[in-house]
$ cat start-v8.txt   # compact mmCIF, C-alpha atoms
# COMPACT_ATOMS: atom_id res chain seq x y z
CA MET A 1 7.03 -3.77 -7.08
CA LEU A 2 9.66 -1.10 -7.28
CA ASN A 3 9.07 0.01 -10.80
CA SER A 4 5.31 0.02 -10.68
CA LEU A 5 5.62 1.92 -7.44
CA ALA A 6 7.67 4.50 -9.20
CA THR A 7 5.43 4.92 -12.20
CA THR A 8 2.51 5.74 -9.98
CA VAL A 9 4.41 8.45 -8.14
CA THR A 10 3.74 11.19 -10.63
CA ASP A 11 0.00 10.71 -10.92
CA THR A 12 -0.39 10.03 -7.25
CA VAL A 13 1.18 13.36 -6.35
CA GLN A 14 -1.61 15.03 -8.27
CA GLN A 15 -4.34 12.87 -6.77
CA VAL A 16 -3.00 13.34 -3.29
CA SER A 17 -2.74 17.09 -3.61
CA GLN A 18 -6.36 17.24 -4.77
CA VAL A 19 -7.61 15.21 -1.85
CA THR A 20 -5.62 16.98 0.81
CA ALA A 21 -5.73 20.54 -0.52
CA GLY A 22 -6.45 22.89 2.35
CA SER A 23 -5.72 20.49 5.16
CA GLU A 24 -2.09 20.11 4.27
CA SER A 25 0.65 20.99 6.70
CA LEU A 26 3.71 22.98 5.76
CA PHE A 27 5.90 19.95 6.37
CA VAL A 28 3.97 17.91 3.86
CA THR A 29 4.11 20.69 1.27
CA ILE A 30 7.86 20.93 1.67
CA MET A 31 8.36 17.18 1.50
CA LYS A 32 6.26 16.88 -1.61
CA GLY A 33 7.94 19.81 -3.31
CA PHE A 34 11.28 18.27 -2.49
CA SER A 35 10.30 14.96 -4.01
CA ASN A 36 9.02 16.57 -7.20
CA LEU A 37 12.04 18.77 -7.64
CA ALA A 38 14.67 16.17 -6.82
CA VAL A 39 14.94 14.57 -10.25
CA PRO A 40 15.01 17.82 -12.29
CA VAL A 41 17.58 19.28 -9.89
CA ILE A 42 19.81 16.20 -10.08
CA LEU A 43 19.61 16.18 -13.88
CA PHE A 44 20.40 19.89 -14.06
CA VAL A 45 23.41 19.68 -11.76
CA VAL A 46 24.84 16.64 -13.52
CA ILE A 47 24.49 18.05 -17.02
CA VAL A 48 25.71 21.55 -16.19
CA LEU A 49 28.69 20.22 -14.27
CA GLY A 50 29.47 17.88 -17.15
CA PHE A 51 29.39 20.83 -19.52
CA VAL A 52 31.60 22.96 -17.23
CA LYS A 53 34.12 20.12 -17.06
CA LYS A 54 34.09 19.99 -20.87
CA ILE A 55 32.69 16.50 -21.08
CA LYS A 56 31.00 15.40 -24.28
CA VAL A 57 27.72 14.92 -22.49
CA TYR A 58 25.83 13.26 -25.34
CA GLU A 59 28.51 10.70 -26.15
CA THR A 60 29.06 9.97 -22.47
CA PHE A 61 25.34 9.49 -21.94
CA ILE A 62 25.13 6.98 -24.79
CA ASP A 63 28.14 5.19 -23.46
CA GLY A 64 26.57 4.73 -20.05
CA ALA A 65 23.09 3.98 -21.35
CA LYS A 66 24.37 1.05 -23.42
CA GLU A 67 24.66 -0.98 -20.26
CA GLY A 68 20.97 -0.65 -19.48
CA PHE A 69 19.91 -3.57 -21.61
CA SER A 70 22.42 -6.10 -20.33
CA VAL A 71 21.75 -5.18 -16.72
CA ALA A 72 18.01 -5.69 -17.15
CA VAL A 73 18.50 -9.00 -18.96
CA ASN A 74 20.96 -10.27 -16.34
CA ILE A 75 18.31 -9.88 -13.67
CA ILE A 76 15.76 -12.13 -15.40
CA PRO A 77 16.82 -15.59 -14.13
CA TYR A 78 17.18 -14.37 -10.55
CA LEU A 79 13.82 -12.65 -10.57
CA VAL A 80 12.08 -15.62 -12.19
CA ALA A 81 13.47 -17.92 -9.50
CA ILE A 82 12.33 -15.86 -6.56
CA LEU A 83 9.01 -14.64 -7.94
CA VAL A 84 7.95 -18.13 -9.03
CA ALA A 85 8.74 -19.51 -5.57
CA ILE A 86 6.79 -16.72 -3.89
CA GLY A 87 3.88 -17.05 -6.29
CA MET A 88 3.67 -20.79 -5.68
CA PHE A 89 3.90 -20.28 -1.94
CA ARG A 90 0.98 -17.87 -2.00
CA ALA A 91 -1.14 -20.00 -4.31
CA SER A 92 -0.64 -23.18 -2.26
CA GLY A 93 -2.32 -21.69 0.81
CA ALA A 94 0.82 -22.17 2.93
CA MET A 95 0.63 -18.51 3.90
CA GLY A 96 -2.64 -19.16 5.72
CA TYR A 97 -1.06 -21.87 7.89
CA PHE A 98 1.85 -19.61 8.67
CA ILE A 99 -0.52 -16.96 9.92
CA LYS A 100 -2.39 -19.44 12.09
CA ILE A 101 0.83 -20.64 13.70
CA LEU A 102 2.05 -17.13 14.41
CA SER A 103 -1.17 -15.49 15.61
CA PRO A 104 -0.74 -16.29 19.34
CA LEU A 105 2.57 -14.44 19.23
CA THR A 106 1.14 -11.35 17.61
CA ASN A 107 -1.66 -11.10 20.15
CA LEU A 108 1.03 -10.98 22.79
CA ILE A 109 2.59 -7.79 21.43
CA GLY A 110 -0.71 -6.05 20.79
CA MET A 111 -0.67 -6.48 17.04
CA PRO A 112 -4.12 -6.94 15.52
CA ALA A 113 -4.34 -10.37 13.87
CA GLU A 114 -5.70 -8.77 10.69
CA THR A 115 -2.36 -7.07 10.03
CA LEU A 116 -0.26 -10.24 10.32
CA PRO A 117 -0.59 -11.18 6.63
CA VAL A 118 0.76 -7.73 5.70
CA ALA A 119 3.75 -8.27 7.96
CA LEU A 120 4.50 -11.67 6.45
CA MET A 121 3.92 -10.58 2.87
CA ARG A 122 5.95 -7.38 3.04
CA PRO A 123 9.42 -8.90 2.54
CA LEU A 124 8.15 -11.27 -0.17
CA SER A 125 6.06 -9.19 -2.51
CA GLY A 126 5.60 -5.45 -2.89
CA SER A 127 2.45 -5.62 -4.96
CA GLY A 128 1.08 -8.47 -2.83
CA SER A 129 1.49 -6.60 0.43
CA LEU A 130 0.13 -3.39 -1.08
CA GLY A 131 -2.93 -5.36 -2.11
CA LEU A 132 -3.39 -6.60 1.45
CA VAL A 133 -2.96 -3.09 2.87
CA THR A 134 -5.54 -1.74 0.43
CA GLU A 135 -7.95 -4.51 1.33
CA LEU A 136 -7.57 -3.84 5.06
CA MET A 137 -8.10 -0.12 4.60
CA THR A 138 -11.17 -0.68 2.45
CA LYS A 139 -12.63 -2.92 5.13
CA HIS A 140 -11.65 -1.04 8.29
CA GLY A 141 -11.12 2.48 6.92
CA PRO A 142 -7.77 4.19 6.30
CA ASP A 143 -8.02 6.12 9.58
CA SER A 144 -8.71 3.10 11.77
CA PHE A 145 -5.90 1.73 13.92
CA ILE A 146 -5.59 -1.26 11.63
CA GLY A 147 -5.48 0.97 8.55
CA ARG A 148 -2.81 3.21 10.02
CA LEU A 149 -0.73 0.30 11.28
CA ALA A 150 -0.92 -1.52 7.95
CA SER A 151 0.14 1.66 6.11
CA THR A 152 3.04 2.17 8.50
CA MET A 153 4.12 -1.43 8.04
CA PHE A 154 4.12 -1.01 4.30
CA GLY A 155 6.26 2.12 4.56
CA SER A 156 8.64 0.53 7.06
CA THR A 157 10.69 -1.72 4.82
CA GLU A 158 11.40 -2.60 1.23
CA THR A 159 10.58 -5.89 -0.46
CA THR A 160 13.66 -7.71 0.81
CA PHE A 161 13.59 -10.71 -1.52
CA TYR A 162 12.98 -8.59 -4.59
CA VAL A 163 15.82 -6.22 -3.74
CA ILE A 164 18.21 -9.10 -3.09
CA ALA A 165 17.26 -10.91 -6.31
CA VAL A 166 17.59 -7.81 -8.46
CA TYR A 167 20.72 -6.32 -6.91
CA PHE A 168 22.69 -9.55 -6.71
CA GLY A 169 21.27 -10.75 -10.01
CA SER A 170 22.56 -7.71 -11.85
CA VAL A 171 26.17 -8.64 -11.06
CA GLY A 172 25.75 -12.41 -11.09
CA ILE A 173 26.10 -13.03 -7.35
CA ARG A 174 24.61 -16.41 -6.44
CA LYS A 175 25.96 -16.88 -2.93
CA SER A 176 24.30 -14.14 -0.95
CA ARG A 177 25.87 -15.16 2.40
CA HIS A 178 24.24 -13.30 5.30
CA ALA A 179 22.31 -10.81 3.14
CA ILE A 180 18.91 -12.47 3.57
CA ALA A 181 19.33 -12.94 7.31
CA SER A 182 20.30 -9.28 7.74
CA GLY A 183 17.43 -8.11 5.56
CA LEU A 184 14.89 -10.22 7.42
CA ILE A 185 16.17 -9.08 10.81
CA GLY A 186 15.70 -5.51 9.57
CA ASP A 187 12.17 -6.38 8.40
CA LEU A 188 11.29 -7.96 11.72
CA VAL A 189 12.55 -5.00 13.74
CA GLY A 190 10.81 -2.59 11.38
CA LEU A 191 7.49 -4.39 11.71
CA LEU A 192 7.72 -4.65 15.51
CA MET A 193 8.64 -0.98 15.71
CA ALA A 194 5.67 -0.16 13.49
CA VAL A 195 3.37 -1.82 16.02
CA PHE A 196 5.14 -0.07 18.89
CA ILE A 197 5.08 3.44 17.43
CA CYS A 198 1.52 3.13 16.12
CA ARG A 199 0.31 2.14 19.58
CA ILE A 200 1.94 5.26 21.00
CA VAL A 201 0.95 7.71 18.26
CA PHE A 202 -2.48 6.40 17.25
CA GLY A 203 -3.40 4.61 20.47
CA MET B 1 19.31 -18.61 -0.44
CA ASN B 2 19.53 -22.27 -1.46
CA TYR B 3 17.59 -23.42 1.58
CA ILE B 4 15.03 -20.64 1.48
CA TRP B 5 14.28 -21.30 -2.15
CA LEU B 6 14.12 -25.03 -1.59
CA ALA B 7 11.83 -24.54 1.41
CA LEU B 8 9.50 -22.20 -0.45
CA MET B 9 9.20 -24.59 -3.39
CA ALA B 10 8.87 -27.77 -1.33
CA ILE B 11 6.34 -26.30 1.12
CA SER B 12 4.27 -24.89 -1.75
CA LEU B 13 4.13 -28.23 -3.52
CA ILE B 14 3.35 -30.26 -0.40
CA VAL B 15 0.80 -27.85 1.01
CA GLY B 16 -0.65 -27.39 -2.45
CA ALA B 17 -1.07 -31.15 -2.78
CA ILE B 18 -2.73 -31.43 0.63
CA ASN B 19 -5.09 -28.57 -0.13
CA GLY B 20 -5.80 -29.88 -3.60
CA ARG B 21 -4.50 -26.65 -5.05
CA LEU B 22 -1.73 -28.03 -7.22
CA GLU B 23 -3.31 -26.58 -10.31
CA ALA B 24 -3.33 -23.11 -8.77
CA VAL B 25 0.29 -23.59 -7.75
CA THR B 26 1.45 -24.45 -11.25
CA THR B 27 -0.61 -21.64 -12.76
CA ALA B 28 1.04 -19.27 -10.29
CA ALA B 29 4.47 -20.52 -11.34
CA VAL B 30 3.72 -19.78 -14.99
CA ASN B 31 2.21 -16.37 -14.26
CA TYR B 32 4.95 -15.24 -11.93
CA ALA B 33 7.67 -16.34 -14.33
CA GLY B 34 6.08 -14.14 -16.96
CA MET B 35 5.76 -11.31 -14.49
CA ALA B 36 9.44 -11.55 -13.58
CA VAL B 37 10.44 -11.12 -17.21
CA GLU B 38 8.05 -8.21 -17.63
CA ILE B 39 9.48 -6.46 -14.59
CA SER B 40 13.05 -7.01 -15.74
CA LEU B 41 12.43 -5.85 -19.28
CA GLY B 42 10.41 -2.92 -17.95
CA LEU B 43 13.59 -1.73 -16.30
CA ILE B 44 15.53 -1.36 -19.58
CA GLY B 45 14.43 2.15 -20.49
CA ILE B 46 14.76 3.75 -17.10
CA MET B 47 17.92 1.78 -16.50
CA ALA B 48 19.55 3.05 -19.69
CA PHE B 49 18.48 6.60 -18.88
CA TRP B 50 19.93 6.69 -15.38
CA LEU B 51 23.07 4.80 -16.31
CA GLY B 52 23.65 7.39 -19.02
CA ILE B 53 23.16 10.26 -16.60
CA MET B 54 25.38 8.56 -14.03
CA LYS B 55 28.16 8.17 -16.56
CA ILE B 56 28.14 11.94 -17.00
CA ALA B 57 28.06 12.42 -13.24
CA GLU B 58 30.99 10.07 -12.87
CA GLU B 59 33.14 11.73 -15.48
CA GLY B 60 32.13 15.15 -14.22
CA GLY B 61 33.49 14.26 -10.80
CA ILE B 62 30.21 14.43 -8.89
CA ILE B 63 30.46 10.87 -7.66
CA LYS B 64 33.96 11.54 -6.33
CA ILE B 65 32.77 14.65 -4.51
CA LEU B 66 29.95 12.68 -2.91
CA SER B 67 32.31 9.89 -1.96
CA ARG B 68 34.58 12.35 -0.18
CA ALA B 69 31.73 14.06 1.58
CA ILE B 70 30.66 10.95 3.42
CA ARG B 71 34.09 9.49 4.01
CA PRO B 72 33.74 9.12 7.81
CA ILE B 73 30.45 7.22 7.59
CA ALA B 74 31.63 5.23 4.61
CA LYS B 75 34.78 4.22 6.44
CA PHE B 76 32.70 2.79 9.24
CA LEU B 77 30.10 1.06 7.05
CA PHE B 78 32.42 -0.11 4.29
CA PRO B 79 35.92 -0.51 5.70
CA ASP B 80 36.96 -2.70 2.75
CA ILE B 81 36.30 -0.04 0.14
CA PRO B 82 38.99 2.53 -0.64
CA PRO B 83 37.59 5.89 0.51
CA ASP B 84 37.71 7.58 -2.89
CA HIS B 85 36.19 4.69 -4.79
CA PRO B 86 33.23 5.60 -7.01
CA ALA B 87 31.21 2.81 -5.36
CA ILE B 88 30.75 5.03 -2.29
CA GLY B 89 29.33 7.92 -4.31
CA MET B 90 27.04 5.60 -6.25
CA MET B 91 25.70 4.04 -3.07
CA LEU B 92 25.05 7.48 -1.63
CA MET B 93 23.10 8.48 -4.76
CA ASN B 94 21.02 5.32 -4.44
CA ILE B 95 20.28 5.92 -0.77
CA ILE B 96 19.30 9.55 -1.39
CA ALA B 97 16.97 8.43 -4.17
CA ASN B 98 15.41 5.98 -1.72
CA TRP B 99 14.96 8.68 0.90
CA LEU B 100 13.16 10.85 -1.60
CA GLY B 101 10.90 8.00 -2.62
CA LEU B 102 12.30 7.99 -6.16
CA GLY B 103 11.94 4.27 -6.75
CA ASN B 104 12.40 4.88 -10.45
CA ALA B 105 15.87 6.27 -9.98
CA ALA B 106 16.88 4.28 -6.92
CA THR B 107 17.06 0.87 -8.62
CA PRO B 108 19.32 1.87 -11.53
CA LEU B 109 21.56 3.83 -9.17
CA GLY B 110 21.71 0.89 -6.79
CA LEU B 111 22.58 -1.52 -9.59
CA LYS B 112 25.32 0.82 -10.77
CA ALA B 113 26.65 0.82 -7.21
CA MET B 114 26.57 -3.00 -7.21
CA LYS B 115 28.63 -2.99 -10.39
CA GLU B 116 31.23 -0.82 -8.71
CA LEU B 117 31.22 -3.08 -5.65
CA GLN B 118 31.63 -6.12 -7.87
CA LYS B 119 34.83 -4.61 -9.27
CA LEU B 120 36.28 -4.85 -5.76
CA ASN B 121 35.10 -8.43 -5.37
CA LYS B 122 37.66 -11.18 -5.79
CA SER B 123 35.05 -13.78 -6.59
CA GLU B 124 32.49 -13.88 -9.35
CA ASP B 125 29.50 -15.28 -7.54
CA THR B 126 29.92 -14.63 -3.82
CA ALA B 127 28.73 -11.50 -2.04
CA THR B 128 31.27 -9.33 -0.21
CA ASN B 129 30.67 -7.82 3.21
CA ALA B 130 30.28 -4.40 1.63
CA MET B 131 27.54 -5.71 -0.67
CA VAL B 132 25.63 -7.23 2.22
CA VAL B 133 25.78 -3.97 4.21
CA PHE B 134 24.65 -2.05 1.14
CA LEU B 135 21.73 -4.41 0.63
CA ALA B 136 20.86 -4.11 4.32
CA LEU B 137 20.59 -0.35 3.79
CA ASN B 138 18.38 -1.00 0.80
CA THR B 139 16.06 -3.72 2.02
CA ALA B 140 15.13 -1.69 5.07
CA SER B 141 15.35 1.58 3.17
CA ILE B 142 14.13 4.73 4.86
CA THR B 143 11.63 6.59 2.71
CA PHE B 144 10.52 10.04 3.74
CA ILE B 145 7.56 10.01 1.41
CA PRO B 146 6.04 6.52 0.99
CA MET B 147 3.97 7.77 -1.94
CA THR B 148 2.28 4.54 -2.95
CA VAL B 149 0.62 3.89 0.35
CA ILE B 150 -0.21 7.57 0.82
CA ALA B 151 -1.96 7.52 -2.54
CA VAL B 152 -4.03 4.49 -1.56
CA ARG B 153 -4.98 6.15 1.72
CA ALA B 154 -6.03 9.29 -0.11
CA LYS B 155 -8.09 7.33 -2.59
CA LEU B 156 -9.92 5.57 0.23
CA GLY B 157 -10.88 8.89 1.77
CA SER B 158 -8.45 9.23 4.65
CA ALA B 159 -8.76 12.51 6.58
CA ASN B 160 -4.99 12.79 6.60
CA PRO B 161 -3.25 10.38 4.25
CA PHE B 162 0.15 11.74 5.27
CA GLU B 163 -0.15 11.02 8.97
CA ILE B 164 1.71 7.73 8.61
CA ILE B 165 4.89 9.43 7.37
CA SER B 166 6.30 9.99 10.85
CA THR B 167 5.53 6.47 12.06
CA ALA B 168 6.90 4.93 8.87
CA VAL B 169 10.09 6.98 9.03
CA PHE B 170 10.55 5.97 12.65
CA SER B 171 10.10 2.27 12.07
CA SER B 172 12.11 2.20 8.84
CA THR B 173 14.96 3.98 10.60
CA CYS B 174 14.90 1.30 13.30
CA ALA B 175 14.74 -1.37 10.59
CA THR B 176 17.75 0.11 8.80
CA ILE B 177 19.82 0.29 11.96
CA ALA B 178 18.85 -3.28 12.84
CA ALA B 179 19.64 -4.62 9.36
CA VAL B 180 23.04 -2.93 9.20
CA THR B 181 23.90 -4.01 12.74
CA ALA B 182 22.86 -7.56 11.87
CA ALA B 183 25.00 -7.52 8.74
CA LYS B 184 27.98 -6.22 10.71
CA LEU B 185 27.55 -8.77 13.48
CA LEU B 186 26.79 -11.75 11.25
CA GLN B 187 29.91 -11.18 9.16
CA ARG B 188 31.94 -12.04 12.26
CA LEU B 189 30.46 -15.52 12.57
CA PRO B 190 33.12 -18.09 11.71
CA ASN B 191 31.16 -19.67 8.87
CA ILE B 192 30.29 -16.40 7.22
CA ARG B 193 33.78 -15.07 7.75
CA LYS B 194 35.18 -18.08 5.97
CA SER B 195 33.03 -17.43 2.92
CA ASP B 196 34.20 -13.81 2.61
CA PRO B 197 35.68 -13.59 -0.89
CA ASN B 198 38.02 -10.79 0.20
CA ARG B 199 39.21 -12.35 3.43
CA MET B 200 42.78 -12.71 2.20
CA LYS B 201 43.01 -8.96 2.11
CA GLU B 202 41.35 -8.35 5.44
CA ASP B 203 44.31 -6.59 7.01
CA SER B 204 45.41 -4.48 4.11
CA ARG B 205 43.77 -1.12 3.64
CA GLU B 206 44.69 -0.43 0.05
CA GLY B 207 41.85 -2.46 -1.40
CA ASP B 208 42.64 -4.05 -4.71
CA ASP B 209 43.31 -1.88 -7.70
CA ASN B 210 44.64 -4.45 -10.08
CA ALA B 211 42.68 -7.57 -9.22
$ encode --input "start-v8.txt" --output "structure tokens"
Amino acid sequence: MLNSLATTVTDTVQQVSQVTAGSESLFVTIMKGFSNLAVPVILFVVIVLGFVKKIKVYETFIDGAKEGFSVAVNIIPYLVAILVAIGMFRASGAMGYFIKILSPLTNLIGMPAETLPVALMRPLSGSGSLGLVTELMTKHGPDSFIGRLASTMFGSTETTFYVIAVYFGSVGIRKSRHAIASGLIGDLVGLLMAVFICRIVFG
Amino acid sequence: MNYIWLALMAISLIVGAINGRLEAVTTAAVNYAGMAVEISLGLIGIMAFWLGIMKIAEEGGIIKILSRAIRPIAKFLFPDIPPDHPAIGMMLMNIIANWLGLGNAATPLGLKAMKELQKLNKSEDTATNAMVVFLALNTASITFIPMTVIAVRAKLGSANPFEIISTAVFSSTCATIAAVTAAKLLQRLPNIRKSDPNRMKEDSREGDDNA
């Protein structure tokens, strides 16, 4: 999920740099440096500019931070609703049937059947789909076509249902109108494009 | 959402019963409910931190500067929002955080943006077009450094864990364009148009300052 994803970022940067030291391209070094520096730079700019504009930075910070609790608590019912439904769906074995129904279609576009569960899980559960990607890469190797495609799929979209539950939940929106349809269309295009580009780049 | 939720629940219970997995289904319900609360409460600290920082940014005028900088794009994506509104700057901050793979910062910034968008909403519980477009940007979100998956690849001994960055950026860009286009097109459908909480104001450009 989003927050567990984020907490791993700092230690993963270290692990990744150990593993890839030496074989790392300039692009990657720049990207990584950028990512590491982004938060300190943002904080610095905000605080210094606040000071220049003669804002009472401490009081203002406290004022804003007060809202943190209520926002987090507001999300709870929305997140419980969607996560429980997804958890039940996974536990019931319905996912397996879904995959069976869809597999003729995926063969048609050149998508390995093994990666279909990742595609279906991606919009529903961040940790669930990451688990599937990890499993596939353990089995087939991270540098296999399946491993690369699964990784690309994971990086292609966000966890649509989680984002919708949290974002709308925080302001009490219950009628999401066309948000889910739009999000799922984006997911579908992203996943198809992942297959397409991986076939071109990784053959 | 009503139908999707209903479908997920009903299918789980029926399929669970057929498979004789009802016990697993109920256990999952209990576990996931607990997990949802943990995730939400886990957000409090980081939420408070970023909301505090954003308050300084807002009062210091940074959000306004950002809003102005992307006025042309914002006008196209969010025609209902007054161009100088802080919501635009907040959304930009959230999207930049997403690009940089700063999941930790992106959520609080995004929620702050939602709060600003909600101020422009005439209804309490119905999403506006601007919200749906913003969520489309977020659910498909482009990430230049998908760190989590790169880390897993590295751990499993990939020769080049980063090689999926270009393919992921490509497909997430396509996903974003598709999601936003879908949001823009779907909002024209008669049914969805009718449910627009701001439809009374559709022709006026001032937005609503004293709603």
$ residues_around --input "start-v8.txt" --residues "Ser158 (chain B)" --least-positions-apart "3" --cutoff "10 Å" --atoms "only C-alpha atoms" --output "list in words"
Val19, Thr20, Met137, Gly141, Pro142, Asp143, Ser144, Gly147 and Arg148 of chain A; Ile150, Ala151, Val152, Arg153, Ala154, Lys155, Pro161, Phe162 and Glu163 of chain B
$ closest_residue --input "start-v8.txt" --among "B:Gly101, B:Pro86, B:Gly45, B:Pro108" --to "Ile142 (chain B)" --atoms "all atoms listed in the file"
B:Gly101
$ atom_distance --input "start-v8.txt" --atom1 "CA of Glu116 (chain B)" --atom2 "CA of Ile177 (chain B)"
23.6 Å
$ closest_residue --input "start-v8.txt" --among "A:Val45, A:Tyr162, A:Ser176, A:Ser170" --to "Val71 (chain A)" --atoms "all atoms listed in the file"
A:Ser170
$ closest_residue --input "start-v8.txt" --among "A:Ile82, A:Ile99, A:Ile164, A:Leu149" --to "Ser182 (chain A)" --atoms "only C-alpha atoms"
A:Ile164
$ atom_distance --input "start-v8.txt" --atom1 "CA of Met153 (chain A)" --atom2 "CA of Ala168 (chain B)"
7.0 Å
